[in-house]
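The next block is run12.txt, given as compact mmCIF, N, CA and C atoms.
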```txt
# COMPACT_ATOMS: atom_id res chain seq x y z
N MET A 144 37.88 6.52 53.42
CA MET A 144 39.23 7.01 53.31
C MET A 144 39.16 8.43 52.75
N THR A 145 39.71 9.36 53.47
CA THR A 145 39.62 10.75 53.06
C THR A 145 40.79 11.19 52.18
N CYS A 146 41.87 10.44 52.15
CA CYS A 146 43.00 10.80 51.29
C CYS A 146 42.75 10.26 49.88
N ASP A 147 43.60 10.67 48.94
CA ASP A 147 43.47 10.18 47.57
C ASP A 147 44.65 9.30 47.15
N CYS A 148 45.31 8.69 48.14
CA CYS A 148 46.49 7.86 47.87
C CYS A 148 46.19 6.73 46.89
N LYS A 149 45.06 6.08 47.03
CA LYS A 149 44.72 4.94 46.17
C LYS A 149 44.70 5.37 44.71
N SER A 150 44.00 6.44 44.38
CA SER A 150 43.90 6.88 42.99
C SER A 150 45.23 7.42 42.47
N VAL A 151 45.98 8.13 43.31
CA VAL A 151 47.29 8.67 42.90
C VAL A 151 48.26 7.53 42.59
N ILE A 152 48.32 6.53 43.46
CA ILE A 152 49.24 5.41 43.26
C ILE A 152 48.82 4.58 42.05
N GLU A 153 47.51 4.37 41.87
CA GLU A 153 47.04 3.64 40.70
C GLU A 153 47.44 4.36 39.42
N ALA A 154 47.33 5.69 39.39
CA ALA A 154 47.71 6.46 38.21
C ALA A 154 49.21 6.35 37.94
N GLN A 155 50.03 6.39 38.98
CA GLN A 155 51.48 6.27 38.81
C GLN A 155 51.86 4.87 38.32
N LEU A 156 51.22 3.85 38.89
CA LEU A 156 51.49 2.48 38.44
C LEU A 156 51.06 2.28 36.99
N LEU A 157 49.91 2.85 36.63
CA LEU A 157 49.42 2.74 35.25
C LEU A 157 50.39 3.40 34.28
N ALA A 158 50.89 4.58 34.63
CA ALA A 158 51.85 5.27 33.76
C ALA A 158 53.11 4.42 33.58
N ASN A 159 53.61 3.84 34.65
CA ASN A 159 54.80 2.98 34.56
C ASN A 159 54.52 1.72 33.74
N PHE A 160 53.34 1.14 33.92
CA PHE A 160 52.96 -0.07 33.20
C PHE A 160 52.83 0.22 31.70
N GLU A 161 52.22 1.36 31.35
CA GLU A 161 52.08 1.74 29.94
C GLU A 161 53.45 1.98 29.31
N LYS A 162 54.36 2.58 30.06
CA LYS A 162 55.71 2.84 29.56
C LYS A 162 56.48 1.52 29.37
N ALA A 163 56.27 0.58 30.27
CA ALA A 163 56.97 -0.69 30.21
C ALA A 163 56.43 -1.61 29.11
N THR A 164 55.17 -1.42 28.72
CA THR A 164 54.56 -2.28 27.70
C THR A 164 53.89 -1.41 26.64
N PRO A 165 54.68 -0.66 25.85
CA PRO A 165 54.10 0.28 24.90
C PRO A 165 53.36 -0.39 23.74
N ASP A 166 53.65 -1.63 23.43
CA ASP A 166 52.97 -2.30 22.32
C ASP A 166 51.60 -2.84 22.70
N ALA A 167 51.31 -2.89 23.98
CA ALA A 167 50.01 -3.41 24.44
C ALA A 167 48.96 -2.29 24.44
N THR A 168 47.71 -2.67 24.55
CA THR A 168 46.62 -1.68 24.61
C THR A 168 45.73 -1.99 25.80
N ALA A 169 44.84 -1.08 26.10
CA ALA A 169 43.82 -1.23 27.15
C ALA A 169 44.46 -1.56 28.50
N HIS A 170 45.49 -0.82 28.86
CA HIS A 170 46.16 -1.00 30.14
C HIS A 170 45.20 -0.64 31.28
N GLY A 171 45.38 -1.28 32.40
CA GLY A 171 44.59 -0.97 33.59
C GLY A 171 45.32 -1.43 34.84
N VAL A 172 45.18 -0.67 35.91
CA VAL A 172 45.80 -1.02 37.19
C VAL A 172 44.78 -0.74 38.29
N THR A 173 44.60 -1.70 39.18
CA THR A 173 43.73 -1.51 40.34
C THR A 173 44.45 -2.07 41.56
N LEU A 174 44.63 -1.23 42.57
CA LEU A 174 45.21 -1.71 43.82
C LEU A 174 44.23 -2.67 44.48
N GLN A 175 44.72 -3.80 44.92
CA GLN A 175 43.92 -4.77 45.64
C GLN A 175 44.01 -4.46 47.13
N GLY A 176 43.18 -5.05 47.93
CA GLY A 176 43.26 -4.86 49.36
C GLY A 176 42.50 -3.64 49.85
N TYR A 177 41.42 -3.27 49.18
CA TYR A 177 40.55 -2.20 49.63
C TYR A 177 39.14 -2.74 49.69
N GLY A 178 38.39 -2.31 50.67
CA GLY A 178 37.01 -2.74 50.82
C GLY A 178 36.16 -1.62 51.36
N ILE A 179 34.87 -1.82 51.32
CA ILE A 179 33.93 -0.81 51.80
C ILE A 179 33.49 -1.17 53.20
N LEU A 180 33.60 -0.20 54.09
CA LEU A 180 33.11 -0.34 55.47
C LEU A 180 31.84 0.48 55.62
N PHE A 181 30.86 -0.07 56.28
CA PHE A 181 29.63 0.67 56.56
C PHE A 181 29.68 1.09 58.03
N VAL A 182 29.84 2.40 58.25
CA VAL A 182 30.00 2.94 59.60
C VAL A 182 29.05 4.13 59.76
N ALA A 183 28.21 4.09 60.78
CA ALA A 183 27.31 5.22 61.10
C ALA A 183 26.55 5.71 59.87
N ASN A 184 25.90 4.81 59.17
CA ASN A 184 25.09 5.13 57.99
C ASN A 184 25.89 5.75 56.85
N THR A 185 27.20 5.48 56.78
CA THR A 185 28.02 5.93 55.66
C THR A 185 28.83 4.74 55.14
N ALA A 186 29.28 4.85 53.92
CA ALA A 186 30.14 3.84 53.32
C ALA A 186 31.51 4.47 53.11
N GLU A 187 32.56 3.82 53.61
CA GLU A 187 33.91 4.34 53.51
C GLU A 187 34.82 3.30 52.88
N LEU A 188 35.75 3.77 52.07
CA LEU A 188 36.74 2.89 51.48
C LEU A 188 37.91 2.76 52.45
N ALA A 189 38.30 1.54 52.77
CA ALA A 189 39.40 1.32 53.71
C ALA A 189 40.30 0.20 53.20
N GLY A 190 41.57 0.33 53.49
CA GLY A 190 42.52 -0.71 53.11
C GLY A 190 42.44 -1.88 54.08
N PHE A 191 42.80 -3.05 53.57
CA PHE A 191 42.85 -4.22 54.44
C PHE A 191 43.98 -5.13 54.00
N MET A 192 44.37 -6.00 54.91
CA MET A 192 45.39 -6.99 54.62
C MET A 192 44.90 -8.35 55.11
N PRO A 193 44.88 -9.33 54.22
CA PRO A 193 44.48 -10.67 54.66
C PRO A 193 45.57 -11.27 55.55
N TYR A 194 45.14 -12.11 56.49
CA TYR A 194 46.11 -12.81 57.33
C TYR A 194 45.69 -14.27 57.46
N GLU A 195 46.68 -15.08 57.80
CA GLU A 195 46.43 -16.50 58.07
C GLU A 195 47.18 -16.86 59.34
N ALA A 196 46.51 -17.50 60.27
CA ALA A 196 47.11 -17.97 61.52
C ALA A 196 47.01 -19.49 61.54
N GLN A 197 47.99 -20.12 62.15
CA GLN A 197 47.94 -21.58 62.25
C GLN A 197 48.56 -22.03 63.56
N ALA A 198 48.09 -23.16 64.04
CA ALA A 198 48.60 -23.75 65.28
C ALA A 198 48.48 -25.27 65.19
N ALA A 199 49.45 -25.95 65.78
CA ALA A 199 49.43 -27.41 65.81
C ALA A 199 48.75 -27.86 67.11
N HIS A 200 47.70 -28.64 66.97
CA HIS A 200 46.94 -29.15 68.12
C HIS A 200 47.19 -30.65 68.27
N LEU A 201 47.40 -31.08 69.51
CA LEU A 201 47.58 -32.51 69.76
C LEU A 201 46.24 -33.22 69.69
N LYS A 202 46.26 -34.37 69.02
CA LYS A 202 45.05 -35.19 68.95
C LYS A 202 45.09 -36.24 70.05
N LYS A 203 43.96 -36.83 70.36
CA LYS A 203 43.87 -37.83 71.43
C LYS A 203 44.74 -39.05 71.14
N ASP A 204 44.91 -39.36 69.86
CA ASP A 204 45.73 -40.54 69.51
C ASP A 204 47.22 -40.23 69.49
N GLY A 205 47.62 -39.02 69.90
CA GLY A 205 49.03 -38.66 69.96
C GLY A 205 49.54 -37.94 68.73
N GLY A 206 48.74 -37.90 67.70
CA GLY A 206 49.14 -37.20 66.48
C GLY A 206 48.98 -35.69 66.61
N VAL A 207 49.30 -35.03 65.55
CA VAL A 207 49.20 -33.57 65.51
C VAL A 207 48.33 -33.16 64.34
N ARG A 208 47.47 -32.19 64.58
CA ARG A 208 46.62 -31.65 63.53
C ARG A 208 46.83 -30.14 63.47
N VAL A 209 47.14 -29.63 62.29
CA VAL A 209 47.34 -28.19 62.12
C VAL A 209 46.00 -27.56 61.75
N LYS A 210 45.59 -26.57 62.56
CA LYS A 210 44.37 -25.83 62.28
C LYS A 210 44.75 -24.44 61.81
N LYS A 211 44.04 -23.95 60.78
CA LYS A 211 44.33 -22.64 60.21
C LYS A 211 43.09 -21.75 60.30
N LEU A 212 43.34 -20.48 60.52
CA LEU A 212 42.30 -19.45 60.51
C LEU A 212 42.69 -18.40 59.48
N LYS A 213 41.72 -17.88 58.75
CA LYS A 213 41.97 -16.80 57.80
C LYS A 213 41.04 -15.64 58.13
N GLY A 214 41.52 -14.44 57.90
CA GLY A 214 40.70 -13.27 58.14
C GLY A 214 41.30 -12.05 57.47
N ASN A 215 40.68 -10.91 57.68
CA ASN A 215 41.16 -9.65 57.13
C ASN A 215 41.34 -8.65 58.25
N MET A 216 42.44 -7.91 58.20
CA MET A 216 42.73 -6.88 59.17
C MET A 216 42.50 -5.54 58.45
N MET A 217 41.55 -4.76 58.94
CA MET A 217 41.23 -3.47 58.34
C MET A 217 42.14 -2.40 58.90
N PHE A 218 42.60 -1.49 58.04
CA PHE A 218 43.47 -0.39 58.46
C PHE A 218 42.64 0.77 58.99
N SER A 219 43.03 1.33 60.12
CA SER A 219 42.41 2.53 60.66
C SER A 219 43.03 3.78 60.05
N PHE A 220 44.24 3.62 59.49
CA PHE A 220 44.97 4.73 58.88
C PHE A 220 45.45 4.29 57.51
N CYS A 221 45.57 5.23 56.59
CA CYS A 221 46.08 4.93 55.24
C CYS A 221 47.50 4.40 55.38
N PRO A 222 47.82 3.25 54.78
CA PRO A 222 49.16 2.69 54.90
C PRO A 222 50.21 3.50 54.13
N PHE A 223 49.79 4.45 53.31
CA PHE A 223 50.72 5.23 52.50
C PHE A 223 51.01 6.60 53.12
N CYS A 224 49.98 7.33 53.53
CA CYS A 224 50.19 8.69 54.04
C CYS A 224 49.95 8.82 55.55
N GLY A 225 49.32 7.83 56.14
CA GLY A 225 49.06 7.86 57.58
C GLY A 225 47.81 8.61 58.00
N GLU A 226 47.03 9.08 57.03
CA GLU A 226 45.80 9.80 57.38
C GLU A 226 44.76 8.84 57.92
N LYS A 227 44.01 9.28 58.92
CA LYS A 227 42.99 8.44 59.53
C LYS A 227 41.88 8.14 58.55
N SER A 228 41.48 6.88 58.49
CA SER A 228 40.40 6.46 57.59
C SER A 228 39.06 6.95 58.09
```
Translate the structure of the given file into structure tokens.
Amino acid sequence: MTCDCKSVIEAQLLANFEKATPDATAHGVTLQGYGILFVANTAELAGFMPYEAQAAHLKKDGGVRVKKLKGNMMFSFCPFCGEKS
């Protein structure tokens, strides 16, 4: 990821969190949903969103069985500024 949206947003969230909880200490904020992609011998930080898909399948005995799939969808562009990852 070539933009700095992640660090800028984390800093803004941290400032708001510290203001909202002034009596607390050791505040910290980390945006979730980022992972490292290895592309062409480089490591890049990219955003992702988990997804879950499900479908009802008929069983031979006439019943129904729900099957679920889980995965992650990687962003090609920053979801905040639109810059290409």
Closest atom pairs, range 151-179 of chain A residues within 10 Å of range 205-217 of chain A, only C-alpha atoms, as a Markdown table:
```
| residue | atom | partner | partner_atom | distance |
| --- | --- | --- | --- | --- |
| A:Gly176 | CA | A:Met217 | CA | 9.3 |
| A:Tyr177 | CA | A:Met217 | CA | 8.8 |
| A:Gly178 | CA | A:Met217 | CA | 8.7 |
```
Would you output that residue set with N, CA and C atoms, as an mmCIF file, in the frame of the given file?
```
data_model
loop_
_atom_site.group_PDB
_atom_site.id
_atom_site.type_symbol
_atom_site.label_atom_id
_atom_site.label_comp_id
_atom_site.auth_asym_id
_atom_site.auth_seq_id
_atom_site.Cartn_x
_atom_site.Cartn_y
_atom_site.Cartn_z
ATOM 1 N N GLY A 176 43.180 -5.050 47.930
ATOM 2 C CA GLY A 176 43.260 -4.860 49.360
ATOM 3 C C GLY A 176 42.500 -3.640 49.850
ATOM 4 N N TYR A 177 41.420 -3.270 49.180
ATOM 5 C CA TYR A 177 40.550 -2.200 49.630
ATOM 6 C C TYR A 177 39.140 -2.740 49.690
ATOM 7 N N GLY A 178 38.390 -2.310 50.670
ATOM 8 C CA GLY A 178 37.010 -2.740 50.820
ATOM 9 C C GLY A 178 36.160 -1.620 51.360
#
```
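Using all atoms listed in the file, the protein and nucleic acid residues lying no more than 8 Å from Glu226 in chain A, apart from those fewer than 6 places from it along its own chain, are A:Met144, A:Thr145, A:Cys146, A:Ser219, A:Phe220.
Candidate residues A:Thr173, A:Leu201, A:Met192, A:Glu187 were compared for distance to Lys227 in chain A, and the nearest is A:Glu187, using only C-alpha atoms.
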Leaving out Val172 in chain A and any residue of its chain fewer than 5 positions from it, which residues lie within 8 Å of it when counting only N, CA and C atoms, given as a VMD selection string?
-> chain A and resid 152 to 154 156 to 158
Which parts of chain A does DSSP call strand (DSSP E or B) when run on the backbone here, written out as a ChimeraX atom specification?
-> /A:177-182,185-201,207-217,220,227
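Pairwise distance (CA of Pro165 in chain A, atom C of Lys149 in chain A) equals 22.5 Å.
Among the candidates A:Leu174, A:Cys224, A:Ile179, A:Ala189, the residue lying nearest to Gln155 in chain A is A:Leu174 (atoms considered: only C-alpha atoms).
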